[in-house]
Amino acid sequence: VKDTPLEEGIHAIFTTSQHLNTFVDSYRKLSQLQQPALSNVHLADLLHDIQQLYPNITWRCSVADNATVCADPNMLRQILINLVKNAIEAGAKQIGMEFSSPSLFVSNDGLPIPAEARKSIFVPFFTTKQTGSGVGLSLSRRMLIQQGGNLSLLDQPKSGYHTTFSLEFQNEQR
């Protein structure tokens with residue numbers, strides 16, 4: 001079939017099936033969320049681990065060494081990695097993390113989220129990226145809500161940044 005009209009058709013079927021497979025996998029991730037295993041998470045240690053994954057980013061962290069939140073440590077790690085990955089994909093060179101109980105603010109200097117997209121960024125399968133699936137932020141928000149918290153985008157980012165997300169945790173410690 002090489003160099004025939006059939007080759008184009010087979011390529012179109014292949015590409016469509018790849019996109020469908022990606023969609024099904026994304027939908028599965030959204031619908032099969034595990035129950036969180038809440039514990040006291042030491043934020044400074046977790047943030048240090050995440051910083052090690054992204055050594056080319058400039059980090060500005062304002063988190064006390066003894067700061068803890070009640071959360072599922074694996075889910076929280078995934079949420080933070082998702083926010084950092086999104087920031088890097090938006091061109092961020094600097095990420096700030098600031099804890100003021102019960103909220104952790106995650107800021108970046110990447111391209112700002114367009115005004116027309118701000119209300120939709122937590123909607124499943126909505127994306128502003130060419131290659132994005134649109135599940136990262138909605139899944140992250142769902143994970144925090146499942147833990148008694150919330151994930152939101154601040155209307156006004158922290159000073160020196162273009163985007164700031166707020167991760168709110170329940171106050172109770174374990």
# chains A, B, ... in the order shown; residues from 1 in each chain; ligands from 1
$ residues_around --residues "range 34-50 of chain A" --least-positions-apart "4" --cutoff "6 Å" --atoms "only C-alpha atoms" --output "MDAnalysis selection string"
chainID A and resid 65 67:72 174
$ select_by_dssp --residues "chain A" --states "strand (DSSP E)" --output "number ranges by chain"
A: 39-42, 58-62, 68-71, 94-100, 103-108, 150-153, 163-168
$ write_last_selection --atoms "C-alpha atoms" --output "PDB file, in the first residue's frame"
ATOM      1  CA  SER A  39      -1.567  11.666  56.938  1.00  0.00           C
ATOM      2  CA  ASN A  40       0.541  14.576  58.117  1.00  0.00           C
ATOM      3  CA  VAL A  41       2.761  15.597  55.208  1.00  0.00           C
ATOM      4  CA  HIS A  42       5.880  17.640  55.933  1.00  0.00           C
ATOM      5  CA  THR A  58      14.712  28.809  39.990  1.00  0.00           C
ATOM      6  CA  TRP A  59      12.783  28.048  43.176  1.00  0.00           C
ATOM      7  CA  ARG A  60      11.616  30.570  45.758  1.00  0.00           C
ATOM      8  CA  CYS A  61      10.074  28.707  48.668  1.00  0.00           C
ATOM      9  CA  SER A  62       8.631  30.262  51.766  1.00  0.00           C
ATOM     10  CA  THR A  68       2.599  20.123  57.786  1.00  0.00           C
ATOM     11  CA  VAL A  69      -0.704  19.555  56.026  1.00  0.00           C
ATOM     12  CA  CYS A  70      -3.215  16.753  56.278  1.00  0.00           C
ATOM     13  CA  ALA A  71      -3.151  15.140  52.827  1.00  0.00           C
ATOM     14  CA  GLN A  94      10.853  30.610  38.226  1.00  0.00           C
ATOM     15  CA  ILE A  95       8.421  28.891  40.601  1.00  0.00           C
ATOM     16  CA  GLY A  96       7.421  30.183  44.004  1.00  0.00           C
ATOM     17  CA  MET A  97       5.826  28.205  46.814  1.00  0.00           C
ATOM     18  CA  GLU A  98       4.449  29.935  49.865  1.00  0.00           C
ATOM     19  CA  PHE A  99       2.594  28.311  52.753  1.00  0.00           C
ATOM     20  CA  SER A 100       0.143  30.216  54.887  1.00  0.00           C
ATOM     21  CA  SER A 103      -3.120  27.106  51.958  1.00  0.00           C
ATOM     22  CA  LEU A 104      -0.096  26.468  49.773  1.00  0.00           C
ATOM     23  CA  PHE A 105       0.346  28.988  46.968  1.00  0.00           C
ATOM     24  CA  VAL A 106       2.163  27.791  43.847  1.00  0.00           C
ATOM     25  CA  SER A 107       3.208  30.614  41.509  1.00  0.00           C
ATOM     26  CA  ASN A 108       5.137  30.785  38.257  1.00  0.00           C
ATOM     27  CA  ASN A 150      -9.630  22.622  47.064  1.00  0.00           C
ATOM     28  CA  LEU A 151      -7.479  23.798  44.160  1.00  0.00           C
ATOM     29  CA  SER A 152      -8.179  27.187  42.627  1.00  0.00           C
ATOM     30  CA  LEU A 153      -6.582  29.794  40.402  1.00  0.00           C
ATOM     31  CA  THR A 163      -0.011  32.736  37.625  1.00  0.00           C
ATOM     32  CA  THR A 164      -0.769  31.551  41.162  1.00  0.00           C
ATOM     33  CA  PHE A 165      -2.715  28.490  42.229  1.00  0.00           C
ATOM     34  CA  SER A 166      -4.009  28.002  45.762  1.00  0.00           C
ATOM     35  CA  LEU A 167      -4.074  24.539  47.317  1.00  0.00           C
ATOM     36  CA  GLU A 168      -6.330  24.621  50.343  1.00  0.00           C
TER      37      GLU A 168
END
$ closest_residue --among "A:Thr15, A:Ala115, A:Pro102, A:Asp109" --to "Asn171 in chain A" --atoms "only C-alpha atoms"
A:Pro102
$ select_by_dssp --residues "range 8-174 of chain A" --states "alpha helix (DSSP H)" --output "JSON, numbers by chain"
{"A": [8, 9, 10, 11, 12, 13, 14, 15, 16, 17, 18, 19, 20, 21, 22, 23, 24, 25, 26, 27, 28, 29, 30, 31, 43, 44, 45, 46, 47, 48, 49, 50, 51, 52, 53, 73, 74, 75, 76, 77, 78, 79, 80, 81, 82, 83, 84, 85, 86, 87, 88, 89, 136, 137, 138, 139, 140, 141, 142, 143, 144, 145, 146]}
$ atom_distance --atom1 "CA of Thr128 in chain A" --atom2 "CA of Gly91 in chain A"
13.7 Å
$ closest_residue --among "A:Leu53, A:Leu76, A:Ala12, A:Leu111" --to "Met143 in chain A" --atoms "only C-alpha atoms"
A:Leu76
$ atom_distance --atom1 "CA of Leu144 in chain A" --atom2 "CA of Pro73 in chain A"
11.1 Å
$ atom_distance --atom1 "CA of Ile10 in chain A" --atom2 "CA of Thr22 in chain A"
18.5 Å
